[in-house]
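One file, entry.cif, is given below (mmCIF, C-alpha atoms and all ligand atoms; chains and numbers go by the auth columns).
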```
data_entry
loop_
_atom_site.group_PDB
_atom_site.id
_atom_site.type_symbol
_atom_site.label_atom_id
_atom_site.label_comp_id
_atom_site.label_asym_id
_atom_site.label_seq_id
_atom_site.Cartn_x
_atom_site.Cartn_y
_atom_site.Cartn_z
_atom_site.B_iso_or_equiv
_atom_site.auth_seq_id
_atom_site.auth_asym_id
ATOM 1 C CA THR A 1 -7.081 11.845 -9.463 0.00 1 I
ATOM 2 C CA LEU A 2 -6.246 9.018 -7.159 0.00 2 I
ATOM 3 C CA GLU A 3 -3.613 10.176 -4.702 0.00 3 I
ATOM 4 C CA LYS A 4 -4.272 8.256 -1.524 0.00 4 I
ATOM 5 C CA ILE A 5 -5.757 4.797 -1.191 0.00 5 I
ATOM 6 C CA LEU A 6 -6.755 3.471 2.223 0.00 6 I
ATOM 7 C CA PHE A 7 -6.801 -0.305 2.572 0.00 7 I
ATOM 8 C CA ALA A 8 -8.759 -1.550 5.587 0.00 8 I
ATOM 9 C CA THR A 9 -7.804 -4.972 6.896 0.00 9 I
ATOM 10 C CA ASP A 10 -8.890 -7.440 9.553 0.00 10 I
ATOM 11 C CA GLY A 11 -6.194 -9.929 8.528 0.00 11 I
ATOM 12 C CA SER A 12 -8.660 -12.272 6.810 0.00 12 I
ATOM 13 C CA GLU A 13 -8.300 -13.915 3.413 0.00 13 I
ATOM 14 C CA GLY A 14 -10.977 -11.631 1.996 0.00 14 I
ATOM 15 C CA ALA A 15 -9.058 -8.610 3.206 0.00 15 I
ATOM 16 C CA ALA A 16 -5.815 -9.993 1.760 0.00 16 I
ATOM 17 C CA ARG A 17 -7.407 -10.184 -1.694 0.00 17 I
ATOM 18 C CA ALA A 18 -8.555 -6.587 -1.327 0.00 18 I
ATOM 19 C CA GLY A 19 -5.022 -5.670 -0.259 0.00 19 I
ATOM 20 C CA GLY A 20 -3.652 -7.154 -3.455 0.00 20 I
ATOM 21 C CA VAL A 21 -6.060 -5.061 -5.506 0.00 21 I
ATOM 22 C CA ALA A 22 -5.271 -1.943 -3.470 0.00 22 I
ATOM 23 C CA ALA A 23 -1.512 -2.438 -3.905 0.00 23 I
ATOM 24 C CA ASP A 24 -1.927 -3.019 -7.630 0.00 24 I
ATOM 25 C CA LEU A 25 -4.085 0.105 -7.991 0.00 25 I
ATOM 26 C CA ALA A 26 -1.542 2.141 -6.041 0.00 26 I
ATOM 27 C CA LYS A 27 1.290 0.924 -8.211 0.00 27 I
ATOM 28 C CA ARG A 28 -0.546 1.620 -11.473 0.00 28 I
ATOM 29 C CA THR A 29 -1.742 5.085 -10.466 0.00 29 I
ATOM 30 C CA GLY A 30 1.206 6.176 -8.349 0.00 30 I
ATOM 31 C CA ALA A 31 -1.149 6.755 -5.436 0.00 31 I
ATOM 32 C CA GLY A 32 0.105 6.359 -1.866 0.00 32 I
ATOM 33 C CA LEU A 33 -1.103 3.238 -0.110 0.00 33 I
ATOM 34 C CA TYR A 34 -2.243 3.525 3.517 0.00 34 I
ATOM 35 C CA VAL A 35 -3.307 0.617 5.693 0.00 35 I
ATOM 36 C CA VAL A 36 -5.648 0.648 8.685 0.00 36 I
ATOM 37 C CA HIS A 37 -6.614 -2.016 11.207 0.00 37 I
ATOM 38 C CA ALA A 38 -9.109 -1.349 13.964 0.00 38 I
ATOM 39 C CA TRP A 39 -9.264 -3.493 17.063 0.00 39 I
ATOM 40 C CA GLN A 40 -11.766 -3.731 19.842 0.00 40 I
ATOM 41 C CA PHE A 41 -11.417 -5.136 23.303 0.00 41 I
ATOM 42 C CA VAL A 42 -13.804 -8.060 23.578 0.00 42 I
ATOM 43 C CA PRO A 43 -14.232 -9.415 27.119 0.00 43 I
ATOM 44 C CA HIS A 44 -13.134 -13.026 27.183 0.00 44 I
ATOM 45 C CA PRO A 45 -13.598 -15.757 29.829 0.00 45 I
ATOM 46 C CA VAL A 46 -9.876 -16.368 29.797 0.00 46 I
ATOM 47 C CA VAL A 47 -8.520 -13.150 31.174 0.00 47 I
ATOM 48 C CA VAL A 48 -6.526 -11.298 28.573 0.00 48 I
ATOM 49 C CA ASP A 49 -5.215 -7.853 29.270 0.00 49 I
ATOM 50 C CA LEU A 50 -5.756 -4.850 27.054 0.00 50 I
ATOM 51 C CA ARG A 51 -2.052 -4.627 26.368 0.00 51 I
ATOM 52 C CA SER A 52 -1.812 -8.068 24.780 0.00 52 I
ATOM 53 C CA TRP A 53 -4.884 -7.354 22.641 0.00 53 I
ATOM 54 C CA GLU A 54 -3.243 -4.246 21.334 0.00 54 I
ATOM 55 C CA GLU A 55 0.013 -6.097 20.710 0.00 55 I
ATOM 56 C CA ARG A 56 -1.820 -8.789 18.795 0.00 56 I
ATOM 57 C CA ALA A 57 -3.555 -6.166 16.666 0.00 57 I
ATOM 58 C CA GLY A 58 -0.217 -4.488 16.063 0.00 58 I
ATOM 59 C CA ARG A 59 1.328 -7.735 14.845 0.00 59 I
ATOM 60 C CA LEU A 60 -1.609 -8.311 12.522 0.00 60 I
ATOM 61 C CA LEU A 61 -1.103 -4.873 11.006 0.00 61 I
ATOM 62 C CA THR A 62 2.650 -5.376 10.669 0.00 62 I
ATOM 63 C CA GLU A 63 2.070 -8.694 8.913 0.00 63 I
ATOM 64 C CA GLN A 64 -0.312 -7.044 6.456 0.00 64 I
ATOM 65 C CA VAL A 65 2.224 -4.362 5.633 0.00 65 I
ATOM 66 C CA GLU A 66 4.965 -6.985 5.228 0.00 66 I
ATOM 67 C CA GLU A 67 2.751 -9.035 2.943 0.00 67 I
ATOM 68 C CA ILE A 68 2.172 -6.059 0.646 0.00 68 I
ATOM 69 C CA GLU A 69 5.824 -5.050 0.671 0.00 69 I
ATOM 70 C CA GLY A 70 6.928 -8.660 0.181 0.00 70 I
ATOM 71 C CA ALA A 71 4.857 -8.689 -3.013 0.00 71 I
ATOM 72 C CA GLY A 72 6.645 -5.579 -4.253 0.00 72 I
ATOM 73 C CA GLY A 73 4.128 -3.021 -3.045 0.00 73 I
ATOM 74 C CA GLU A 74 4.857 0.096 -1.066 0.00 74 I
ATOM 75 C CA VAL A 75 3.036 1.254 2.060 0.00 75 I
ATOM 76 C CA ALA A 76 3.145 4.969 2.880 0.00 76 I
ATOM 77 C CA ALA A 77 1.856 4.589 6.441 0.00 77 I
ATOM 78 C CA SER A 78 -0.164 2.241 8.602 0.00 78 I
ATOM 79 C CA TYR A 79 -2.679 3.021 11.325 0.00 79 I
ATOM 80 C CA LEU A 80 -3.606 0.931 14.350 0.00 80 I
ATOM 81 C CA ARG A 81 -6.860 2.208 15.807 0.00 81 I
ATOM 82 C CA MET A 82 -8.912 1.108 18.760 0.00 82 I
ATOM 83 C CA GLY A 83 -12.670 1.289 18.397 0.00 83 I
ATOM 84 C CA SER A 84 -15.549 0.388 16.165 0.00 84 I
ATOM 85 C CA PRO A 85 -14.070 -0.662 12.791 0.00 85 I
ATOM 86 C CA VAL A 86 -16.572 1.311 10.691 0.00 86 I
ATOM 87 C CA ASP A 87 -15.973 4.557 12.615 0.00 87 I
ATOM 88 C CA GLU A 88 -12.222 4.060 12.774 0.00 88 I
ATOM 89 C CA ILE A 89 -11.909 3.275 9.044 0.00 89 I
ATOM 90 C CA LEU A 90 -13.925 6.371 8.130 0.00 90 I
ATOM 91 C CA ASP A 91 -12.067 8.582 10.644 0.00 91 I
ATOM 92 C CA THR A 92 -8.744 7.362 9.302 0.00 92 I
ATOM 93 C CA ALA A 93 -9.850 7.984 5.707 0.00 93 I
ATOM 94 C CA GLU A 94 -10.642 11.557 6.661 0.00 94 I
ATOM 95 C CA GLU A 95 -7.388 12.028 8.592 0.00 95 I
ATOM 96 C CA VAL A 96 -5.296 10.655 5.738 0.00 96 I
ATOM 97 C CA GLY A 97 -7.304 12.563 3.135 0.00 97 I
ATOM 98 C CA ALA A 98 -7.921 9.342 1.240 0.00 98 I
ATOM 99 C CA ASP A 99 -9.624 9.381 -2.171 0.00 99 I
ATOM 100 C CA LEU A 100 -10.641 5.743 -2.018 0.00 100 I
ATOM 101 C CA VAL A 101 -11.181 3.043 0.581 0.00 101 I
ATOM 102 C CA VAL A 102 -10.486 -0.544 -0.486 0.00 102 I
ATOM 103 C CA MET A 103 -11.800 -3.427 1.578 0.00 103 I
ATOM 104 C CA GLY A 104 -12.921 -7.016 1.300 0.00 104 I
ATOM 105 C CA SER A 105 -16.562 -8.029 1.002 0.00 105 I
ATOM 106 C CA ARG A 106 -16.037 -10.564 3.787 0.00 106 I
ATOM 107 C CA GLY A 107 -13.824 -10.942 6.793 0.00 107 I
ATOM 108 C CA PHE A 108 -13.612 -13.449 9.600 0.00 108 I
ATOM 109 C CA GLY A 109 -17.380 -13.454 10.162 0.00 109 I
ATOM 110 C CA ARG A 110 -19.139 -16.751 9.591 0.00 110 I
ATOM 111 C CA ILE A 111 -22.558 -15.718 8.345 0.00 111 I
ATOM 112 C CA ARG A 112 -22.054 -16.577 4.686 0.00 112 I
ATOM 113 C CA SER A 113 -25.640 -15.893 3.634 0.00 113 I
ATOM 114 C CA LEU A 114 -25.033 -12.166 3.696 0.00 114 I
ATOM 115 C CA LEU A 115 -23.660 -10.528 0.565 0.00 115 I
ATOM 116 C CA ILE A 116 -21.145 -8.435 2.463 0.00 116 I
ATOM 117 C CA GLY A 117 -20.097 -8.225 6.094 0.00 117 I
ATOM 118 C CA SER A 118 -21.233 -5.589 8.553 0.00 118 I
ATOM 119 C CA VAL A 119 -18.006 -3.588 8.412 0.00 119 I
ATOM 120 C CA SER A 120 -18.076 -3.296 4.588 0.00 120 I
ATOM 121 C CA GLU A 121 -21.773 -2.548 4.741 0.00 121 I
ATOM 122 C CA GLY A 122 -21.308 0.139 7.389 0.00 122 I
ATOM 123 C CA VAL A 123 -18.458 1.823 5.530 0.00 123 I
ATOM 124 C CA VAL A 124 -20.348 1.817 2.211 0.00 124 I
ATOM 125 C CA HIS A 125 -23.408 3.154 4.032 0.00 125 I
ATOM 126 C CA SER A 126 -21.712 6.077 5.779 0.00 126 I
ATOM 127 C CA ALA A 127 -18.735 6.963 3.594 0.00 127 I
ATOM 128 C CA HIS A 128 -18.421 10.363 1.947 0.00 128 I
ATOM 129 C CA LEU A 129 -15.784 8.996 -0.408 0.00 129 I
ATOM 130 C CA PRO A 130 -15.651 6.174 -2.970 0.00 130 I
ATOM 131 C CA VAL A 131 -15.364 2.661 -1.554 0.00 131 I
ATOM 132 C CA LEU A 132 -14.145 -0.372 -3.478 0.00 132 I
ATOM 133 C CA VAL A 133 -15.443 -3.623 -2.001 0.00 133 I
ATOM 134 C CA VAL A 134 -13.455 -6.536 -3.396 0.00 134 I
ATOM 135 C CA ARG A 135 -15.162 -9.862 -3.714 0.00 135 I
HETATM 136 P P1 LIG B . -19.083 -9.620 10.221 0.00 1 G
HETATM 137 O O1 LIG B . -17.876 -8.991 10.815 0.00 1 G
HETATM 138 O O2 LIG B . -20.191 -8.648 9.974 0.00 1 G
HETATM 139 O O3 LIG B . -19.526 -10.835 10.950 0.00 1 G
HETATM 140 P P2 LIG B . -17.341 -10.383 8.051 0.00 1 G
HETATM 141 O O4 LIG B . -16.243 -10.459 9.060 0.00 1 G
HETATM 142 O O5 LIG B . -17.438 -11.500 7.064 0.00 1 G
HETATM 143 O O6 LIG B . -18.728 -10.166 8.724 0.00 1 G
HETATM 144 P P3 LIG B . -16.566 -7.639 7.590 0.00 1 G
HETATM 145 O O7 LIG B . -16.125 -7.622 8.994 0.00 1 G
HETATM 146 O O8 LIG B . -17.522 -6.611 7.100 0.00 1 G
HETATM 147 O O9 LIG B . -17.165 -9.069 7.169 0.00 1 G
HETATM 148 O O10 LIG B . -15.225 -7.562 6.716 0.00 1 G
HETATM 149 C C1 LIG B . -15.234 -7.076 5.401 0.00 1 G
HETATM 150 C C2 LIG B . -13.956 -6.296 5.170 0.00 1 G
HETATM 151 O O11 LIG B . -13.935 -5.176 6.052 0.00 1 G
HETATM 152 C C3 LIG B . -12.670 -7.060 5.459 0.00 1 G
HETATM 153 O O12 LIG B . -12.245 -7.847 4.347 0.00 1 G
HETATM 154 C C4 LIG B . -11.718 -5.902 5.728 0.00 1 G
HETATM 155 O O13 LIG B . -11.295 -5.343 4.498 0.00 1 G
HETATM 156 C C5 LIG B . -12.615 -4.885 6.449 0.00 1 G
HETATM 157 N N1 LIG B . -12.535 -4.986 7.916 0.00 1 G
HETATM 158 C C6 LIG B . -13.267 -5.804 8.712 0.00 1 G
HETATM 159 N N2 LIG B . -12.929 -5.652 9.994 0.00 1 G
HETATM 160 C C7 LIG B . -11.963 -4.706 10.027 0.00 1 G
HETATM 161 C C8 LIG B . -11.180 -4.114 11.063 0.00 1 G
HETATM 162 N N3 LIG B . -11.336 -4.471 12.327 0.00 1 G
HETATM 163 N N4 LIG B . -10.258 -3.175 10.736 0.00 1 G
HETATM 164 C C9 LIG B . -10.096 -2.814 9.445 0.00 1 G
HETATM 165 N N5 LIG B . -10.789 -3.339 8.423 0.00 1 G
HETATM 166 C C10 LIG B . -11.714 -4.276 8.702 0.00 1 G
HETATM 167 MG MG MG B . -12.825 7.434 16.522 0.00 2 G
HETATM 168 MG MG MG B . -15.848 -8.987 10.565 0.00 3 G
#
```
Could the structure of this file be written out as structure tokens, please?
Ligand code: ATP
Ligand code: MG
Ligand code: MG
Amino acid sequence: TLEKILFATDGSEGAARAGGVAADLAKRTGAGLYVVHAWQFVPHPVVVDLRSWEERAGRLLTEQVEEIEGAGGEVAASYLRMGSPVDEILDTAEEVGADLVVMGSRGFGRIRSLLIGSVSEGVVHSAHLPVLVVR
């Protein structure tokens, strides 16, 4: 049975659609909904400190949770992780004991010729649990 659903988000429109599906699934099945966002420090010509990157990622995650709750959904817990998104999503799924990962097919990436983005692809490739990629 579906007890824990992990929704992975990068704050993109594609992820938001997946979040809607995840919240709906959680509501219908009574499963707990968990949300994860992974962030990475990318060196930038305009000096930005690590702290403000983390804060920005934290706000993104908070906004995602608020969006789900604003639409009547319920979030059991949210996870802000630093590192490679694929690894962090899979590590979080294991930590939470998730039965299903829900994610978008696309994120903020701009290479539209690919069917799915590299994060979705990597998670589907390495996951030891079911993954729902929402298009
Ligand atoms: P790419 O990043 O390969 O250029 P893309 O941005 O279009 O392409 P992905 O990054 O694979 O595609 O995004 C697909 C989905 O993966 C998103 O809708 C979101 O659900 C999830 N995702 C992407 N990045 C993260 C992240 N940093 N943290 C959590 N989930 C993420
Ligand atoms: Mg890790
Ligand atoms: Mg991406």
Self-check item: Proximity to ligand LIG 1 (chain G) - best of I:Gly122, I:Gly30, I:Gly73, I:Pro43, all atoms listed in the file
Solution: I:Gly122
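For the pair CA of Gly11 (chain I) and CA of Asp49 (chain I), the separation is 20.9 Å.
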Practice problem: Taking the file as shown, find all residues satisfying the PyMOL selection byres (((not hetatm)) within 7 of (chain G and resi 3)) and write them as a list of chain:residue names. | Solution: I:Arg106, I:Gly107, I:Phe108, I:Gly109, I:Gly117, I:Ser118, I:Val119
Practice problem: Using only C-alpha atoms, pick whichever of I:Ser126, I:Thr9, I:Thr29, I:Ser120 has the shortest atom-to-atom distance to Tyr79 (chain I). | Solution: I:Thr9
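Across I:Gly32, I:Gly70, I:Pro85, I:Gly58, the tightest approach to Met103 (chain I) is made by I:Pro85 when counting all atoms listed in the file.
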Exercise. Compile the contact shell of region 18-24 of chain I as a list in words: residues with an atom at most 7 Å away, counting all atoms listed in the file, same-chain residues fewer than 2 positions apart removed.
Key: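 Returned residues: Phe7, Gly14, Ala15, Ala16, Ala26, Lys27, Arg28, Leu33, Ile68, Gly73, Val102, Met103, Gly104 and Val134 of chain I.
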Quiz item: So, counting all atoms listed in the file, which residue among I:Arg110, I:Ile89, I:His128, I:Met82 is closest to Leu50 (chain I)?
Solution: I:Met82
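For the set I:Ile111, I:Leu80, I:Val42, I:Val35, the residue with the smallest atom-to-atom gap to ligand MG 2 (chain G) is I:Leu80, counting all atoms listed in the file.
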Practice problem: List all protein, DNA and RNA residues that have any atom at most 8 Å from ligand MG 2 (chain G), counting all atoms listed in the file, and write the list as a list in words. | Solution: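 The residues near ligand MG 2 (chain G) are Arg81, Met82, Gly83, Ser84, Asp87, Glu88 and Asp91 of chain I.
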Practice problem: For the file shown, report as a PyMOL selection string the outcome of the PyMOL selection byres (((chain I and resi 97) around 12) and not hetatm) at residue level. | Solution: chain I and resi 2-6+32-34+89-96+98-101+128-129
Self-check item: CA of Ala8 (chain I) to atom C6 of ligand LIG 1 (chain G), straight-line distance in Å
Solution: 6.9 Å
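Distance check against ligand LIG 1 (chain G) using all atoms listed in the file: of I:Ala77, I:Leu25, I:Ile116, I:Leu60, the minimum falls on I:Ile116.
Pairwise distance (atom N5 of ligand LIG 1 (chain G), CA of His37 (chain I)) equals 5.2 Å.
Every polymer residue reaching to within 12 Å of (-4.4, -7.5, 25.2), counting all atoms listed in the file, appears in this list: Trp39, Gln40, Phe41, Val42, Pro43, His44, Val46, Val47, Val48, Asp49, Leu50, Arg51, Ser52, Trp53, Glu54, Glu55, Arg56, Ala57, Gly58, Arg59 and Met82 of chain I.
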Work out where the centre of an axis-aligned box around every listed atom of ligand LIG 1 (chain G) lies and how long its edges are once 3 Å is added on each side; give both in Å to one decimal as lines of an AutoDock Vina configuration file.
```
center_x = -15.1
center_y = -7.2
center_z = 8.3
size_x = 16.1
size_y = 14.7
size_z = 14.0
```
